[in-house]
Amino acid sequence: MPRVAIKKKEYKVNDLSVYIVGKMYEKKLRQADLAEMLNITQPAFSNRLKKGLFSYAELLDILQKLESTDEEILRLMKV
């Protein structure tokens, strides 16, 4: 089913979550590893990942830890 512009924010949050989980798997990182880096608990990280509630600085730290390319960062951060 094609994406609808009305749900653009929901799609962006889902795309970000899928990307982070995929890169974590690729880099063999756990949620606890990234949570420790952000000084939060693993359940808090899981909740933020599900809802897409990362601050800009946290998101940049996560993407840097996951060794994301500039193109990937631009694609994920574009609204």
# chains A, B, ... in the order shown; residues from 1 in each chain; ligands from 1
>>> closest_atom_pairs(of="region 35-55 of chain A", to="region 62-78 of chain A", cutoff="12 Å", atoms="only C-alpha atoms", output="Markdown table")
| residue | atom | partner | partner_atom | distance |
| --- | --- | --- | --- | --- |
| A:Ala35 | CA | A:Ile62 | CA | 9.5 |
| A:Glu36 | CA | A:Ile62 | CA | 11.2 |
| A:Met37 | CA | A:Ile62 | CA | 8.4 |
| A:Leu38 | CA | A:Ile62 | CA | 8.4 |
| A:Phe45 | CA | A:Ile62 | CA | 11.1 |
| A:Leu49 | CA | A:Ile62 | CA | 11.0 |
| A:Gly52 | CA | A:Leu76 | CA | 11.6 |
| A:Phe54 | CA | A:Ile62 | CA | 9.5 |
| A:Ser55 | CA | A:Ile62 | CA | 10.5 |
>>> write_last_selection(atoms="all heavy atoms", output="PDB file, in the first residue's frame")
ATOM      1  N   ALA A  35      21.935   2.486  25.230  1.00  0.00           N
ATOM      2  CA  ALA A  35      21.350   3.146  26.401  1.00  0.00           C
ATOM      3  C   ALA A  35      22.444   3.616  27.349  1.00  0.00           C
ATOM      4  O   ALA A  35      22.388   4.739  27.865  1.00  0.00           O
ATOM      5  CB  ALA A  35      20.399   2.197  27.122  1.00  0.00           C
ATOM      6  N   GLU A  36      23.443   2.784  27.551  1.00  0.00           N
ATOM      7  CA  GLU A  36      24.562   3.163  28.414  1.00  0.00           C
ATOM      8  C   GLU A  36      25.292   4.379  27.854  1.00  0.00           C
ATOM      9  O   GLU A  36      25.677   5.275  28.598  1.00  0.00           O
ATOM     10  CB  GLU A  36      25.521   1.982  28.553  1.00  0.00           C
ATOM     11  CG  GLU A  36      26.673   2.230  29.497  1.00  0.00           C
ATOM     12  CD  GLU A  36      27.580   1.029  29.613  1.00  0.00           C
ATOM     13  OE1 GLU A  36      27.071  -0.111  29.573  1.00  0.00           O
ATOM     14  OE2 GLU A  36      28.794   1.232  29.733  1.00  0.00           O
ATOM     15  N   MET A  37      25.463   4.414  26.540  1.00  0.00           N
ATOM     16  CA  MET A  37      26.120   5.549  25.892  1.00  0.00           C
ATOM     17  C   MET A  37      25.337   6.844  26.140  1.00  0.00           C
ATOM     18  O   MET A  37      25.926   7.908  26.312  1.00  0.00           O
ATOM     19  CB  MET A  37      26.248   5.287  24.389  1.00  0.00           C
ATOM     20  CG  MET A  37      26.916   6.390  23.615  1.00  0.00           C
ATOM     21  SD  MET A  37      26.795   6.144  21.842  1.00  0.00           S
ATOM     22  CE  MET A  37      25.086   6.556  21.559  1.00  0.00           C
ATOM     23  N   LEU A  38      24.006   6.753  26.175  1.00  0.00           N
ATOM     24  CA  LEU A  38      23.147   7.920  26.381  1.00  0.00           C
ATOM     25  C   LEU A  38      22.854   8.186  27.863  1.00  0.00           C
ATOM     26  O   LEU A  38      22.136   9.122  28.191  1.00  0.00           O
ATOM     27  CB  LEU A  38      21.828   7.735  25.634  1.00  0.00           C
ATOM     28  CG  LEU A  38      21.910   7.606  24.120  1.00  0.00           C
ATOM     29  CD1 LEU A  38      20.535   7.314  23.546  1.00  0.00           C
ATOM     30  CD2 LEU A  38      22.501   8.851  23.500  1.00  0.00           C
ATOM     31  N   PHE A  45      15.457   3.409  26.653  1.00  0.00           N
ATOM     32  CA  PHE A  45      15.919   3.440  25.259  1.00  0.00           C
ATOM     33  C   PHE A  45      14.905   2.760  24.357  1.00  0.00           C
ATOM     34  O   PHE A  45      14.577   3.273  23.283  1.00  0.00           O
ATOM     35  CB  PHE A  45      17.285   2.769  25.121  1.00  0.00           C
ATOM     36  CG  PHE A  45      17.807   2.782  23.720  1.00  0.00           C
ATOM     37  CD1 PHE A  45      18.487   3.884  23.235  1.00  0.00           C
ATOM     38  CD2 PHE A  45      17.604   1.713  22.863  1.00  0.00           C
ATOM     39  CE1 PHE A  45      18.957   3.922  21.930  1.00  0.00           C
ATOM     40  CE2 PHE A  45      18.061   1.733  21.568  1.00  0.00           C
ATOM     41  CZ  PHE A  45      18.741   2.844  21.094  1.00  0.00           C
ATOM     42  N   LEU A  49      12.969   4.486  21.332  1.00  0.00           N
ATOM     43  CA  LEU A  49      13.114   3.929  19.991  1.00  0.00           C
ATOM     44  C   LEU A  49      11.744   3.676  19.368  1.00  0.00           C
ATOM     45  O   LEU A  49      11.516   3.986  18.198  1.00  0.00           O
ATOM     46  CB  LEU A  49      13.910   2.621  20.058  1.00  0.00           C
ATOM     47  CG  LEU A  49      14.244   1.934  18.748  1.00  0.00           C
ATOM     48  CD1 LEU A  49      15.102   2.835  17.863  1.00  0.00           C
ATOM     49  CD2 LEU A  49      14.972   0.635  19.012  1.00  0.00           C
ATOM     50  N   GLY A  52      10.235   7.252  18.868  1.00  0.00           N
ATOM     51  CA  GLY A  52      11.053   8.211  18.145  1.00  0.00           C
ATOM     52  C   GLY A  52      11.294   9.492  18.919  1.00  0.00           C
ATOM     53  O   GLY A  52      11.332  10.569  18.335  1.00  0.00           O
ATOM     54  N   PHE A  54      13.946  10.835  20.546  1.00  0.00           N
ATOM     55  CA  PHE A  54      15.334  11.174  20.826  1.00  0.00           C
ATOM     56  C   PHE A  54      15.550  12.660  20.586  1.00  0.00           C
ATOM     57  O   PHE A  54      14.976  13.240  19.662  1.00  0.00           O
ATOM     58  CB  PHE A  54      16.281  10.387  19.912  1.00  0.00           C
ATOM     59  CG  PHE A  54      16.269   8.907  20.150  1.00  0.00           C
ATOM     60  CD1 PHE A  54      15.647   8.059  19.258  1.00  0.00           C
ATOM     61  CD2 PHE A  54      16.866   8.363  21.270  1.00  0.00           C
ATOM     62  CE1 PHE A  54      15.631   6.693  19.460  1.00  0.00           C
ATOM     63  CE2 PHE A  54      16.851   6.994  21.491  1.00  0.00           C
ATOM     64  CZ  PHE A  54      16.232   6.160  20.589  1.00  0.00           C
ATOM     65  N   SER A  55      16.406  13.271  21.405  1.00  0.00           N
ATOM     66  CA  SER A  55      16.774  14.663  21.129  1.00  0.00           C
ATOM     67  C   SER A  55      17.721  14.655  19.926  1.00  0.00           C
ATOM     68  O   SER A  55      18.262  13.616  19.542  1.00  0.00           O
ATOM     69  CB  SER A  55      17.458  15.284  22.346  1.00  0.00           C
ATOM     70  OG  SER A  55      18.755  14.742  22.526  1.00  0.00           O
TER      71      SER A  55
END
>>> residues_around(residues="Ser17 (chain A)", least_positions_apart="5", cutoff="10 Å", atoms="only C-alpha atoms", output="JSON list (two decimals) with C-alpha atoms, in the first residue's frame")
[["chain", "number", "residue", "atom", "x", "y", "z"],
["A", 11, "TYR", "CA", 6.42, 6.78, 8.66],
["A", 12, "LYS", "CA", 9.56, 8.77, 9.58],
["A", 22, "GLY", "CA", 19.08, -2.91, 11.55],
["A", 23, "LYS", "CA", 22.37, -1.12, 12.16],
["A", 46, "SER", "CA", 13.42, 0.88, 24.00],
["A", 48, "ARG", "CA", 12.28, 6.16, 22.95],
["A", 49, "LEU", "CA", 13.11, 3.93, 19.99],
["A", 50, "LYS", "CA", 9.49, 2.86, 19.66],
["A", 51, "LYS", "CA", 8.16, 6.43, 19.88],
["A", 52, "GLY", "CA", 11.05, 8.21, 18.15]]
>>> closest_residue(among="A:Gln42, A:Glu26, A:Leu34, A:Lys7", to="Leu59 (chain A)", atoms="only C-alpha atoms")
A:Leu34
